[in-house]
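Notes follow the structure.
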Amino acid sequence: MGHKVKPKHHLIYFLARPLMAFLGLLPSSWAASLGRLFGALVFVLAGREREKTLATLRTAFPQGMTEAQRADLARAVWVRLGQNLFEIVSWRGWGRERIASQVARSRGVEHLQKALSEGKGALVVTGHLGNWELLGGYLSTVHPISAVAQNLYDERFDRLVTDFREKDLQVAMIKRGLALRGILTALK
């Protein structure tokens, strides 16, 4: 590993591995339910992360939202993150077609298809809204895609996530730091 890993990160990693194996045995709906509980638990226990979320919401919604409303929204964010995480883990090994079948509806993909039919690359810009891994898997069934991603705090988790994205979703990863070169290559 390139940098020193904190003891808490070792603990998280070694607790996550058996949890991931367990989640892989469950129906994805059960994994999603457990993920919502996990997200709610993280919201309660991870004070620093909770405060970051609340601070971001204060910036995004400086007026018109009470602290109680911000707290409710922050909790909902963490509940959904937990759900997304556990769903993704339960999808390992499914393959992109099965993963993409989880999309209930889509709008606007015809614009991407039209742009690509002109023989040029296209950029899709999105935020961390909803299950962005599902979006990548879905879009990769339309056309080969690449995605820009930041390295995770722990190289072991980074390898797990990158492998999932590249093998299961068939999304080529471009790591930040090399992004401009990778984006230009992907657009060609």
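Identifiers in this document derive from the order of the structure tokens: chains are assigned A, B, ..., residues are numbered from 1 separately in each chain, and ligands are numbered from 1 in order of occurrence.
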
Subject >> For A:Ile183: contacts at 9 Å, only C-alpha atoms, fewer than 6 positions along chain excluded, given as an NGL selection string >> reply: :A and (123 or 146-148 or 174)

Original post:
Which residues, written as an MDAnalysis selection string, have at least one atom at most 10 Å from A:Arg98, with only C-alpha atoms counted and residues fewer than 4 positions away on the same chain left out?
Top reply: chainID A and resid 91 93:94 102:103 137:138 168:169

**OP:** Quick one: pull the distance between atom CA of A:Leu34 and atom CA of A:Gly47, Å, one decimal.
**Re:** 20.7 Å

Sorted by chain and rising residue number, list the residues of stretch 116-178 of chain A at most 10 Å from stretch 2-25 of chain A (counting only C-alpha atoms), each with its closest atom pair and distance in Å to one decimal, as a Markdown table.
| residue | atom | partner | partner_atom | distance |
| --- | --- | --- | --- | --- |
| A:Tyr153 | CA | A:Val5 | CA | 8.7 |
| A:Asp154 | CA | A:Val5 | CA | 7.0 |
| A:Glu155 | CA | A:Gly2 | CA | 8.0 |
| A:Arg156 | CA | A:Tyr13 | CA | 7.8 |
| A:Phe157 | CA | A:Tyr13 | CA | 7.5 |

Pull C-alpha atoms from the residues just selected and write them as a PDB file, in the first residue's frame.
ATOM      1  CA  TYR A 153      -9.124   6.356   1.275  1.00  0.00           C
ATOM      2  CA  ASP A 154      -8.071   2.676   1.478  1.00  0.00           C
ATOM      3  CA  GLU A 155      -6.360   1.001  -1.495  1.00  0.00           C
ATOM      4  CA  ARG A 156      -8.032  -2.335  -0.675  1.00  0.00           C
ATOM      5  CA  PHE A 157     -11.518  -0.819  -0.954  1.00  0.00           C
TER       6      PHE A 157
END

Subject >> Selection near A:Gln170, 12 Å with only C-alpha atoms, sequence-local residues under 5 positions removed, as number ranges by chain >> reply: A: 93-97, 99-100, 133-147, 162-165

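Proximity of A:Leu85, A:Val171, A:Ala60, A:Leu45 to A:Ala32, computed with only C-alpha atoms, is greatest for A:Leu85.
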
**OP:** Identify, with DSSP run on backbone atoms, the residues in stretch 87-178 of chain A assigned to helix (DSSP H, G or I), and express the list as a PyMOL selection string.
**Re:** chain A and resi 87-90+96-100+109-117+132-142+155-168

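Atom pair atom CA of A:Lys120 / atom CA of A:Leu187 has a distance of 6.9 Å (rounded to one decimal).
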
**OP:** Output as a PyMOL selection string all residues of chain A that backbone DSSP marks as strand (DSSP E or B).
**Re:** chain A and resi 145-149+171-175

Kindly export the residues of the current selection with C-alpha atoms, as a PDB file, in the first residue's frame.
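Output (result.pdb):
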ATOM      1  CA  ILE A 145     -18.357   4.078 -21.238  1.00  0.00           C
ATOM      2  CA  SER A 146     -15.600   5.417 -19.051  1.00  0.00           C
ATOM      3  CA  ALA A 147     -16.035   7.183 -15.733  1.00  0.00           C
ATOM      4  CA  VAL A 148     -13.815   9.510 -13.739  1.00  0.00           C
ATOM      5  CA  ALA A 149     -13.367   8.527 -10.101  1.00  0.00           C
ATOM      6  CA  VAL A 171     -17.175   0.689 -17.058  1.00  0.00           C
ATOM      7  CA  ALA A 172     -13.579   1.721 -17.802  1.00  0.00           C
ATOM      8  CA  MET A 173     -12.228   3.733 -14.894  1.00  0.00           C
ATOM      9  CA  ILE A 174     -10.250   6.941 -15.252  1.00  0.00           C
ATOM     10  CA  LYS A 175      -8.606   7.930 -11.982  1.00  0.00           C
TER      11      LYS A 175
END

Original post:
Contacts of A:Ala74 at 8 Å or less, counting only C-alpha atoms, minus same-chain residues fewer than 4 places along, as a ChimeraX atom specification?
Top reply: /A:50,53-54,57,70,78

Just-selected residues, C-alpha atoms written as a PDB file, in the first residue's frame:
ATOM      1  CA  ARG A  50     -23.144  13.650  10.181  1.00  0.00           C
ATOM      2  CA  THR A  53     -23.606  16.400   5.855  1.00  0.00           C
ATOM      3  CA  LEU A  54     -25.457  18.988   7.941  1.00  0.00           C
ATOM      4  CA  LEU A  57     -27.075  21.174   3.699  1.00  0.00           C
ATOM      5  CA  ARG A  70     -31.978  19.597   7.586  1.00  0.00           C
ATOM      6  CA  TRP A  78     -27.386   8.391   4.972  1.00  0.00           C
TER       7      TRP A  78
END

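Minimum distance to A:Asp72 across A:Ile88, A:Ala40, A:Ala104, A:Leu152 (counting only C-alpha atoms) occurs at A:Ala40.
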
Original post:
For A:Thr185, which residue among A:Gly121, A:Leu81, A:Glu110, A:Ser29 is the nearest when counting only C-alpha atoms?
Top reply: A:Gly121

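Counting only C-alpha atoms and comparing A:Val161, A:Arg176, A:Gln113, A:Asn84, the residue that lies closest to A:Trp132 is A:Asn84.
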
Subject >> Between atom CA of A:Arg58 and atom CA of A:Arg80, distance in Å (one decimal) >> reply: 19.4 Å
